[in-house]
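K.L.:
Questions regarding the structure given below will be posed in turn.
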Amino acid sequence: MQRSSLRISAARLTPGAELLPYGGALLALFLVPLAVLFVYSFWAVEDFTIVHAWNVGNYRSSLTDPFHLRLLLRSLGIGAAVGLLCVLISYPFAYAATFRYPRLRNVLLFAALVSMFTSYLVRVYAFQTILGESGIINWALMRVGILDAPLSFLLFNRFAVVITLTNAFLPYVLLPIWASMQSIDAQLLEAARDLGETPAGVFRRVILPFTTEGAVAGFTFAFVLASGDYVTTTLVGGTNGLMIGREIANAFGLTNNYPLGSALAFTMLVALALCIVGARYVPKVISTFVRHAHAPSVRLHARGWRFPAIWAPIYLTLVLGFLFLPLAIVVVLSFTTRTVPAFPMHGVTLDWYRNVFGDPIFRSALENSVIIAALTAVIAALIGTLAAFALARHSFRFRTVVFGLMLAPLAMPGLVIGIAMLSMYVLLGAQLSRWTILLGHLVFVTPFVVLVMTSRLREFDRSLEEAGRDLGEGPFGVFRRITLPLIFPAIAGAALLAAALSLDEFVITNFVSGSTVTLPLFIWSKLRIGVTPDTNAVSTVILGGLVLLVAVYALVSRLAGARPSLPRRVR
């Protein structure tokens, strides 16, 4: 009886023990820094020194100052425009991939998602080359004789910011819409067409009800990340595209006004939260509209009418081109003989790569990035997998809340995470170094590991473990001989994903790096002082490394889906 009670108690402690490593890291590196940032927002700055005098003056300034209000509203507007544009682009792509090319849908989705793991900073920089006066658009228009002089209004405005952010966040919106569309039976669409529905009617009455939740989730994600962005507005926004994120970043960098920056950050978060709460009612509004919408006059002319079949391959090609053309241009211009990365190219050379690899700062940045990415991958895989075991295999009170908290960093702008961690380090007097970068990357990448491993463990066949126990294996033996070999490909894939995300991470790193330089910071420093083709060469090196990691991740993920036979002893 006593032994039985001890086993029950141990079983109850297991979820807590599995959650402790990542839960402790999340508390110390995410929740506590946010609390510190909140405290900062009630302090003041006098003679460039932070004074611990409690007041609400910073919030008064953020809510009443016309400049701050204008930046906040502009940021929310740009975020909403980016989210809506991503949703509008994603629907036809997901539909064409799912119903026009069902055998290629996974390939098409993977092709679209690959861009999600390519360098964010490189993609933003690429649009300088595309939209600038010496960019490919102006060069092409002048080459065919449409223009005599280059257009100057394509860059450094809100249009450039929206287009660039749409390119960056489109894959994040496409994924949930595509996943929602997989639950729609193609025969249901055919039945609707046979009953005389127009394409618009099929979309409104059949596709939209199944995919609204996914669309709202994707829109929310793009809206939050785009509204809190500060990198894009710095590189392609100019004064007309200035956003609240840039002002917050300046408060923690140029002006050293942490209290005001903290208040602006929390004002932005509250505004985003209110918008998200409002967005939760969108599915109900759409559902009501769909139920009561009638279009008999349109339906009279609908029978027999179809979109030309050629639209699908054309549209898929255009979207993939939109995602990958900026990256291709960066790579091509890394070989130009010109001293500026612009068209037309006058020749081909490898000199820029020689210059880059001969630069000791680049080599140091490469070393730092590789070491940090490797450590991040190992630690995130370990603590993320332990947390996934607790979430996937145990039922406990508030499990949904715990799962939401563990994924919370994904829904938080990287800008806020970065300044929160910086505020905590400054308050503690900690020195910024390679280790503070590592901690920041763990906050960012571990939720991805939790998602991957939770999904894999929920699909795991527990009967294999039961068979091992029935054949006399103890708990450790079952784990070592059965569980670990079966889930190891998934763990390796999650670690590779974490390494790819760490290698590319810039937003958080920019605040917690101190004097340590990583590859994205190396590119950032070059972009701030002037663009030369060696910047393209560095960008190409990063792209090559990320593509390699993603390719290996895809291969390992395929192995994770395979079901090996039982180990010899268990058979």
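Residue numbering restarts at 1 in every chain; chains get A, B, ... in the order shown in the structure tokens, and ligands count up from 1 in that same order.
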Just the residues within 10 Å of Phe221 in chain A, please, counting only C-alpha atoms, with nothing from its chain fewer than 2 positions along; format it as a PDB file with C-alpha atoms, in the first residue's frame.

P.N.:
ATOM      1  CA  GLY A  79       0.009  46.440 -39.060  1.00  0.00           C
ATOM      2  CA  GLY A  83      -2.239  41.531 -41.959  1.00  0.00           C
ATOM      3  CA  PHE A 169       5.068  37.809 -42.658  1.00  0.00           C
ATOM      4  CA  TYR A 172       3.082  33.084 -41.097  1.00  0.00           C
ATOM      5  CA  VAL A 173      -0.426  33.877 -42.366  1.00  0.00           C
ATOM      6  CA  ALA A 215      -7.403  33.563 -41.138  1.00  0.00           C
ATOM      7  CA  VAL A 216      -8.020  35.502 -37.922  1.00  0.00           C
ATOM      8  CA  ALA A 217      -5.097  33.725 -36.226  1.00  0.00           C
ATOM      9  CA  GLY A 218      -2.775  34.514 -39.135  1.00  0.00           C
ATOM     10  CA  PHE A 219      -3.977  38.106 -39.350  1.00  0.00           C
ATOM     11  CA  PHE A 223      -0.723  42.453 -37.191  1.00  0.00           C
ATOM     12  CA  VAL A 224       1.142  42.213 -33.877  1.00  0.00           C
ATOM     13  CA  LEU A 225       4.589  41.639 -35.378  1.00  0.00           C
ATOM     14  CA  ALA A 226       4.196  44.286 -38.087  1.00  0.00           C
ATOM     15  CA  ILE A 276      -6.927  41.548 -30.911  1.00  0.00           C
ATOM     16  CA  LEU A 410       5.700  33.998 -30.054  1.00  0.00           C
ATOM     17  CA  ALA A 411       2.864  36.503 -29.665  1.00  0.00           C
ATOM     18  CA  MET A 412       5.104  39.237 -28.251  1.00  0.00           C
ATOM     19  CA  PRO A 413       6.977  41.643 -30.529  1.00  0.00           C
TER      20      PRO A 413
END

K.L.:
Near Val531 in chain A, counting only C-alpha atoms, which residues have an atom at most 12 Å away, once you skip same-chain residues fewer than 4 positions from it, shown as a PyMOL selection string?

P.N.:
chain A and resi 125-126+128-129+132+235+330+333-334+338-342+523-527+535-539

K.L.:
Could you go through range 165-336 of chain A and tell me which residues DSSP, when run on the backbone, assigns to helix (DSSP H, G or I), listing them as number ranges by chain?

P.N.:
A: 165-181, 186-194, 199-227, 231-237, 244-251, 258-279, 282-292, 296-299, 311-333

K.L.:
Which residues, written as a VMD selection string, have at least one atom at most 9 Å from Ala380 in chain A, with only C-alpha atoms counted and residues fewer than 6 positions away on the same chain left out?

P.N.:
chain A and resid 22 442 to 443 445 to 447 449 to 450 494 to 495 498

K.L.:
With distances taken over only C-alpha atoms, which of A:Thr337, A:Ser90, A:Thr239, A:Gln431 is nearest to Ala179 in chain A?

P.N.:
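Of the candidates, the smallest distance to Ala179 in chain A is held by A:Ser90.
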
K.L.:
Taking a cut-off of 12 Å and counting only C-alpha atoms, can you build a table that, for each residue of range 20-126 of chain A near range 193-206 of chain A, reports the nearest atom pair and how far apart they are in Å (one decimal), sorted by chain then residue number, as JSON lines?

P.N.:
{"residue": "A:Tyr91", "atom": "CA", "partner": "A:Phe203", "partner_atom": "CA", "distance": 9.7}
{"residue": "A:Pro92", "atom": "CA", "partner": "A:Phe203", "partner_atom": "CA", "distance": 10.2}
{"residue": "A:Tyr95", "atom": "CA", "partner": "A:Phe203", "partner_atom": "CA", "distance": 9.8}

K.L.:
Considering only C-alpha atoms, return as a ChimeraX atom specification whatever protein or nucleic-acid residues lie within 7 Å of Phe252 in chain A, sequence-local ones (same chain, fewer than 5 positions apart) excluded.

P.N.:
/A:257-258,261

K.L.:
Just write the chosen residues, N, CA and C atoms, as a PDB file, in the first residue's frame.

P.N.:
ATOM      1  N   ASN A 257      16.286  57.021 -22.691  1.00  0.00           N
ATOM      2  CA  ASN A 257      15.130  57.338 -21.849  1.00  0.00           C
ATOM      3  C   ASN A 257      14.312  56.064 -21.654  1.00  0.00           C
ATOM      4  N   TYR A 258      14.811  55.180 -20.802  1.00  0.00           N
ATOM      5  CA  TYR A 258      14.139  53.898 -20.581  1.00  0.00           C
ATOM      6  C   TYR A 258      12.705  54.054 -20.069  1.00  0.00           C
ATOM      7  N   GLY A 261      10.412  55.006 -22.963  1.00  0.00           N
ATOM      8  CA  GLY A 261      10.340  53.878 -23.885  1.00  0.00           C
ATOM      9  C   GLY A 261       9.504  52.744 -23.330  1.00  0.00           C
TER      10      GLY A 261
END

K.L.:
At a cut-off of 12 Å, using only C-alpha atoms, what residues contact Leu375 in chain A? Leave out same-chain residues fewer than 5 positions from it and give the result as number ranges by chain.

P.N.:
A: 368-370, 380-382, 434-435, 437-439, 441-442, 445, 495-496, 498-499, 502-503

K.L.:
Would you write out those residues with N, CA and C atoms, as a PDB file, in the first residue's frame?

P.N.:
ATOM      1  N   ASN A 368      30.858  33.760 -33.271  1.00  0.00           N
ATOM      2  CA  ASN A 368      29.853  34.006 -32.233  1.00  0.00           C
ATOM      3  C   ASN A 368      28.506  33.425 -32.622  1.00  0.00           C
ATOM      4  N   SER A 369      28.102  33.639 -33.865  1.00  0.00           N
ATOM      5  CA  SER A 369      26.789  33.161 -34.310  1.00  0.00           C
ATOM      6  C   SER A 369      26.708  31.640 -34.263  1.00  0.00           C
ATOM      7  N   VAL A 370      27.757  30.968 -34.714  1.00  0.00           N
ATOM      8  CA  VAL A 370      27.750  29.502 -34.727  1.00  0.00           C
ATOM      9  C   VAL A 370      27.714  28.940 -33.309  1.00  0.00           C
ATOM     10  N   ALA A 380      17.607  24.492 -25.992  1.00  0.00           N
ATOM     11  CA  ALA A 380      16.187  24.605 -26.332  1.00  0.00           C
ATOM     12  C   ALA A 380      15.576  23.236 -26.610  1.00  0.00           C
ATOM     13  N   ALA A 381      16.324  22.367 -27.303  1.00  0.00           N
ATOM     14  CA  ALA A 381      15.821  21.024 -27.577  1.00  0.00           C
ATOM     15  C   ALA A 381      15.597  20.251 -26.287  1.00  0.00           C
ATOM     16  N   LEU A 382      16.497  20.418 -25.320  1.00  0.00           N
ATOM     17  CA  LEU A 382      16.390  19.693 -24.057  1.00  0.00           C
ATOM     18  C   LEU A 382      15.205  20.181 -23.222  1.00  0.00           C
ATOM     19  N   ARG A 434      28.073  37.468 -24.857  1.00  0.00           N
ATOM     20  CA  ARG A 434      27.581  36.331 -25.638  1.00  0.00           C
ATOM     21  C   ARG A 434      26.519  35.552 -24.866  1.00  0.00           C
ATOM     22  N   TRP A 435      26.636  35.530 -23.531  1.00  0.00           N
ATOM     23  CA  TRP A 435      25.696  34.753 -22.726  1.00  0.00           C
ATOM     24  C   TRP A 435      24.337  35.428 -22.650  1.00  0.00           C
ATOM     25  N   ILE A 437      23.067  37.161 -25.035  1.00  0.00           N
ATOM     26  CA  ILE A 437      22.475  36.861 -26.341  1.00  0.00           C
ATOM     27  C   ILE A 437      21.875  35.461 -26.322  1.00  0.00           C
ATOM     28  N   LEU A 438      22.613  34.499 -25.770  1.00  0.00           N
ATOM     29  CA  LEU A 438      22.139  33.125 -25.691  1.00  0.00           C
ATOM     30  C   LEU A 438      20.807  33.049 -24.943  1.00  0.00           C
ATOM     31  N   LEU A 439      20.704  33.747 -23.828  1.00  0.00           N
ATOM     32  CA  LEU A 439      19.466  33.731 -23.046  1.00  0.00           C
ATOM     33  C   LEU A 439      18.312  34.351 -23.831  1.00  0.00           C
ATOM     34  N   HIS A 441      18.002  34.374 -27.102  1.00  0.00           N
ATOM     35  CA  HIS A 441      17.637  33.432 -28.147  1.00  0.00           C
ATOM     36  C   HIS A 441      16.820  32.268 -27.593  1.00  0.00           C
ATOM     37  N   LEU A 442      17.128  31.829 -26.374  1.00  0.00           N
ATOM     38  CA  LEU A 442      16.352  30.749 -25.770  1.00  0.00           C
ATOM     39  C   LEU A 442      14.896  31.152 -25.578  1.00  0.00           C
ATOM     40  N   VAL A 445      13.357  30.982 -29.288  1.00  0.00           N
ATOM     41  CA  VAL A 445      13.271  29.753 -30.086  1.00  0.00           C
ATOM     42  C   VAL A 445      12.630  28.581 -29.343  1.00  0.00           C
ATOM     43  N   ALA A 495      15.919  20.835 -32.967  1.00  0.00           N
ATOM     44  CA  ALA A 495      17.193  21.494 -32.669  1.00  0.00           C
ATOM     45  C   ALA A 495      17.714  22.245 -33.889  1.00  0.00           C
ATOM     46  N   LEU A 496      17.587  21.648 -35.073  1.00  0.00           N
ATOM     47  CA  LEU A 496      18.011  22.331 -36.296  1.00  0.00           C
ATOM     48  C   LEU A 496      17.174  23.576 -36.548  1.00  0.00           C
ATOM     49  N   ALA A 498      15.734  25.359 -34.234  1.00  0.00           N
ATOM     50  CA  ALA A 498      16.182  26.335 -33.245  1.00  0.00           C
ATOM     51  C   ALA A 498      17.487  26.990 -33.671  1.00  0.00           C
ATOM     52  N   ALA A 499      18.402  26.198 -34.238  1.00  0.00           N
ATOM     53  CA  ALA A 499      19.678  26.751 -34.697  1.00  0.00           C
ATOM     54  C   ALA A 499      19.464  27.747 -35.830  1.00  0.00           C
ATOM     55  N   SER A 502      18.026  30.920 -34.390  1.00  0.00           N
ATOM     56  CA  SER A 502      19.046  31.632 -33.619  1.00  0.00           C
ATOM     57  C   SER A 502      20.046  32.315 -34.540  1.00  0.00           C
ATOM     58  N   LEU A 503      20.448  31.634 -35.587  1.00  0.00           N
ATOM     59  CA  LEU A 503      21.438  32.190 -36.505  1.00  0.00           C
ATOM     60  C   LEU A 503      20.952  33.485 -37.145  1.00  0.00           C
TER      61      LEU A 503
END

K.L.:
So how far away is CA of Glu247 in chain A from CA of Ser41 in chain A, in Å?

P.N.:
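Those two atoms sit 14.8 Å apart.
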
K.L.:
CA of Val541 in chain A to CA of Ala249 in chain A: how many Å, to one decimal?

P.N.:
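CA of Ala249 in chain A lies 27.6 Å from CA of Val541 in chain A.
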
K.L.:
Considering only C-alpha atoms, state which residue in the set A:Leu104, A:Ile248, A:Val161, A:Ile417 is at the smallest distance from Ser262 in chain A.

P.N.:
A:Ile248

K.L.:
Return the single residue from A:Tyr59, A:Phe48, A:Tyr230, A:Phe511 that is closest to Thr267 in chain A, with distances computed using only C-alpha atoms.

P.N.:
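Among A:Tyr59, A:Phe48, A:Tyr230, A:Phe511, it is A:Tyr59 that comes nearest to Thr267 in chain A.
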
K.L.:
With only C-alpha atoms as the basis for distance, which of A:Glu133, A:Glu46, A:Asp65, A:Asp229 is at the shortest distance from Ile508 in chain A?

P.N.:
A:Asp229

K.L.:
What lies within 12 Å of range 545-559 of chain A using only C-alpha atoms, ignoring chain neighbours under 6 positions off, as a PyMOL selection string?

P.N.:
chain A and resi 106-107+110-111+113-120+122+327+366+369-370+373-374+377+452-453+456+485-505+519+538-539

K.L.:
Could those selected residues go to a file with N, CA and C atoms, as a compact mmCIF listing (two decimals), in the first residue's frame?

P.N.:
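Result written to result.txt:
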# COMPACT_ATOMS: atom_id res chain seq x y z
N ASN A 106 1.91 19.89 -50.51
CA ASN A 106 2.94 19.94 -49.47
C ASN A 106 4.23 20.56 -49.98
N VAL A 107 4.57 20.28 -51.24
CA VAL A 107 5.77 20.87 -51.83
C VAL A 107 5.61 22.38 -51.96
N PHE A 110 5.79 23.96 -48.53
CA PHE A 110 7.17 23.98 -48.04
C PHE A 110 7.96 25.08 -48.74
N ALA A 111 7.75 25.22 -50.06
CA ALA A 111 8.46 26.27 -50.80
C ALA A 111 8.12 27.65 -50.25
N LEU A 113 7.06 28.28 -47.17
CA LEU A 113 7.50 28.41 -45.79
C LEU A 113 9.01 28.51 -45.67
N VAL A 114 9.75 28.06 -46.68
CA VAL A 114 11.21 28.16 -46.63
C VAL A 114 11.62 29.61 -46.44
N SER A 115 10.90 30.52 -47.09
CA SER A 115 11.26 31.94 -46.97
C SER A 115 11.10 32.44 -45.55
N MET A 116 10.26 31.75 -44.75
CA MET A 116 10.07 32.16 -43.36
C MET A 116 11.35 31.96 -42.55
N PHE A 117 12.19 31.02 -42.99
CA PHE A 117 13.41 30.72 -42.26
C PHE A 117 14.65 31.31 -42.92
N THR A 118 14.44 32.14 -43.92
CA THR A 118 15.56 32.88 -44.49
C THR A 118 15.68 34.20 -43.75
N SER A 119 16.80 34.83 -43.87
CA SER A 119 17.13 35.98 -43.03
C SER A 119 16.14 37.13 -43.18
N TYR A 120 15.52 37.49 -42.06
CA TYR A 120 14.57 38.61 -42.05
C TYR A 120 15.28 39.92 -42.41
N VAL A 122 17.96 40.32 -44.15
CA VAL A 122 18.36 40.31 -45.56
C VAL A 122 17.18 40.65 -46.45
N LEU A 327 15.45 37.75 -52.34
CA LEU A 327 16.62 36.98 -51.94
C LEU A 327 17.51 36.67 -53.14
N LEU A 366 30.97 35.44 -37.25
CA LEU A 366 30.61 34.09 -37.67
C LEU A 366 30.82 33.10 -36.52
N SER A 369 28.10 33.64 -33.86
CA SER A 369 26.79 33.16 -34.31
C SER A 369 26.71 31.64 -34.26
N VAL A 370 27.76 30.97 -34.71
CA VAL A 370 27.75 29.50 -34.73
C VAL A 370 27.71 28.94 -33.31
N ALA A 373 24.25 29.69 -31.77
CA ALA A 373 23.22 28.87 -32.40
C ALA A 373 23.31 27.43 -31.93
N ALA A 374 24.53 26.90 -31.80
CA ALA A 374 24.71 25.51 -31.36
C ALA A 374 24.24 25.34 -29.92
N ALA A 377 20.45 25.64 -29.73
CA ALA A 377 19.77 24.45 -30.25
C ALA A 377 19.76 23.33 -29.22
N VAL A 452 6.78 21.85 -31.91
CA VAL A 452 7.17 20.69 -32.72
C VAL A 452 7.08 19.41 -31.92
N MET A 453 7.64 19.41 -30.72
CA MET A 453 7.71 18.18 -29.94
C MET A 453 6.35 17.80 -29.34
N ARG A 456 4.57 16.03 -32.09
CA ARG A 456 5.12 14.69 -32.33
C ARG A 456 4.73 13.72 -31.23
N PRO A 485 14.64 6.46 -29.35
CA PRO A 485 14.92 6.23 -30.78
C PRO A 485 13.81 6.69 -31.70
N LEU A 486 12.56 6.57 -31.24
CA LEU A 486 11.43 6.96 -32.09
C LEU A 486 11.26 8.47 -32.20
N ILE A 487 11.57 9.19 -31.12
CA ILE A 487 11.36 10.63 -31.15
C ILE A 487 12.65 11.40 -31.44
N PHE A 488 13.79 10.71 -31.50
CA PHE A 488 15.05 11.43 -31.70
C PHE A 488 15.08 12.22 -33.01
N PRO A 489 14.59 11.67 -34.14
CA PRO A 489 14.57 12.51 -35.35
C PRO A 489 13.79 13.81 -35.17
N ALA A 490 12.69 13.74 -34.42
CA ALA A 490 11.92 14.97 -34.16
C ALA A 490 12.71 15.93 -33.28
N ILE A 491 13.42 15.40 -32.28
CA ILE A 491 14.25 16.26 -31.43
C ILE A 491 15.36 16.90 -32.26
N ALA A 492 16.00 16.10 -33.11
CA ALA A 492 17.06 16.65 -33.96
C ALA A 492 16.51 17.71 -34.90
N GLY A 493 15.32 17.46 -35.46
CA GLY A 493 14.71 18.45 -36.34
C GLY A 493 14.38 19.74 -35.60
N ALA A 494 13.85 19.61 -34.38
CA ALA A 494 13.55 20.80 -33.58
C ALA A 494 14.82 21.56 -33.24
N ALA A 495 15.92 20.84 -32.97
CA ALA A 495 17.19 21.49 -32.67
C ALA A 495 17.71 22.25 -33.89
N LEU A 496 17.59 21.65 -35.07
CA LEU A 496 18.01 22.33 -36.30
C LEU A 496 17.17 23.58 -36.55
N LEU A 497 15.87 23.46 -36.30
CA LEU A 497 15.00 24.63 -36.44
C LEU A 497 15.43 25.73 -35.47
N ALA A 498 15.73 25.36 -34.23
CA ALA A 498 16.18 26.34 -33.24
C ALA A 498 17.49 26.99 -33.67
N ALA A 499 18.40 26.20 -34.24
CA ALA A 499 19.68 26.75 -34.70
C ALA A 499 19.46 27.75 -35.83
N ALA A 500 18.57 27.41 -36.77
CA ALA A 500 18.29 28.31 -37.89
C ALA A 500 17.69 29.63 -37.40
N LEU A 501 16.76 29.54 -36.46
CA LEU A 501 16.14 30.76 -35.93
C LEU A 501 17.15 31.59 -35.15
N SER A 502 18.03 30.92 -34.39
CA SER A 502 19.05 31.63 -33.62
C SER A 502 20.05 32.31 -34.54
N LEU A 503 20.45 31.63 -35.59
CA LEU A 503 21.44 32.19 -36.51
C LEU A 503 20.95 33.48 -37.15
N ASP A 504 19.64 33.60 -37.32
CA ASP A 504 19.07 34.75 -38.02
C ASP A 504 18.55 35.83 -37.06
N GLU A 505 18.45 35.54 -35.77
CA GLU A 505 17.79 36.45 -34.84
C GLU A 505 18.56 37.77 -34.73
N LEU A 519 26.37 37.67 -36.88
CA LEU A 519 26.24 37.95 -38.31
C LEU A 519 25.14 38.96 -38.63
N VAL A 538 27.86 38.92 -47.42
CA VAL A 538 27.56 38.45 -46.07
C VAL A 538 26.15 37.89 -46.01
N SER A 539 25.20 38.60 -46.63
CA SER A 539 23.82 38.14 -46.65
C SER A 539 23.69 36.79 -47.32

K.L.:
Can you pull out the residues contacting Leu432 in chain A? Cut-off 10 Å, using only C-alpha atoms, and skip same-chain residues under 6 positions away; I want them as a list in words.

P.N.:
Leu422, Tyr425, Val426, Phe511, Val512, Ser513, Gly514, Ser515 and Thr516 of chain A

K.L.:
Would you export the selected residues with all heavy atoms as a CSV table (one decimal), in the first residue's frame, please?

P.N.:
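Output file selection04.csv is given in full below:
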chain,number,residue,atom,x,y,z
A,422,LEU,N,16.9,43.9,-21.6
A,422,LEU,CA,17.9,44.9,-21.4
A,422,LEU,C,17.7,45.7,-20.1
A,422,LEU,O,18.6,45.9,-19.4
A,422,LEU,CB,17.9,45.9,-22.6
A,422,LEU,CG,18.8,47.1,-22.5
A,422,LEU,CD1,20.3,46.7,-22.4
A,422,LEU,CD2,18.6,48.0,-23.7
A,425,TYR,N,18.8,43.6,-17.2
A,425,TYR,CA,20.2,43.5,-17.1
A,425,TYR,C,20.8,44.8,-16.5
A,425,TYR,O,21.7,44.8,-15.7
A,425,TYR,CB,20.9,43.2,-18.4
A,425,TYR,CG,20.5,41.8,-18.9
A,425,TYR,CD1,20.3,41.5,-20.3
A,425,TYR,CD2,20.5,40.7,-18.1
A,425,TYR,CE1,20.0,40.3,-20.8
A,425,TYR,CE2,20.2,39.4,-18.5
A,425,TYR,CZ,19.9,39.2,-19.9
A,425,TYR,OH,19.6,38.0,-20.3
A,426,VAL,N,20.3,45.9,-17.0
A,426,VAL,CA,20.7,47.2,-16.5
A,426,VAL,C,20.4,47.4,-15.0
A,426,VAL,O,21.3,47.9,-14.2
A,426,VAL,CB,20.1,48.4,-17.3
A,426,VAL,CG1,20.4,49.7,-16.7
A,426,VAL,CG2,20.6,48.3,-18.8
A,511,PHE,N,19.6,44.4,-28.7
A,511,PHE,CA,19.5,45.1,-27.4
A,511,PHE,C,20.3,44.4,-26.3
A,511,PHE,O,20.7,45.1,-25.3
A,511,PHE,CB,18.0,45.1,-26.9
A,511,PHE,CG,17.2,46.0,-27.8
A,511,PHE,CD1,16.3,45.5,-28.8
A,511,PHE,CD2,17.2,47.4,-27.6
A,511,PHE,CE1,15.5,46.3,-29.5
A,511,PHE,CE2,16.4,48.2,-28.4
A,511,PHE,CZ,15.5,47.7,-29.4
A,512,VAL,N,20.6,43.2,-26.5
A,512,VAL,CA,21.3,42.4,-25.4
A,512,VAL,C,22.7,42.0,-25.7
A,512,VAL,O,23.3,41.1,-25.0
A,512,VAL,CB,20.4,41.2,-24.9
A,512,VAL,CG1,19.1,41.7,-24.5
A,512,VAL,CG2,20.3,40.2,-26.1
A,513,SER,N,23.3,42.5,-26.8
A,513,SER,CA,24.6,42.0,-27.3
A,513,SER,C,25.8,42.7,-26.7
A,513,SER,O,26.8,42.1,-26.6
A,513,SER,CB,24.6,42.1,-28.8
A,513,SER,OG,24.5,43.5,-29.2
A,514,GLY,N,25.6,44.0,-26.3
A,514,GLY,CA,26.8,44.7,-25.8
A,514,GLY,C,27.8,44.9,-26.9
A,514,GLY,O,27.4,45.4,-28.0
A,515,SER,N,29.0,44.5,-26.7
A,515,SER,CA,30.0,44.7,-27.7
A,515,SER,C,30.2,43.4,-28.6
A,515,SER,O,31.0,43.4,-29.5
A,515,SER,CB,31.4,45.0,-27.1
A,515,SER,OG,31.8,44.0,-26.2
A,516,THR,N,29.4,42.4,-28.3
A,516,THR,CA,29.5,41.1,-29.1
A,516,THR,C,28.8,41.3,-30.4
A,516,THR,O,27.7,41.8,-30.5
A,516,THR,CB,28.8,40.0,-28.3
A,516,THR,OG1,29.4,39.8,-27.0
A,516,THR,CG2,29.0,38.6,-29.0
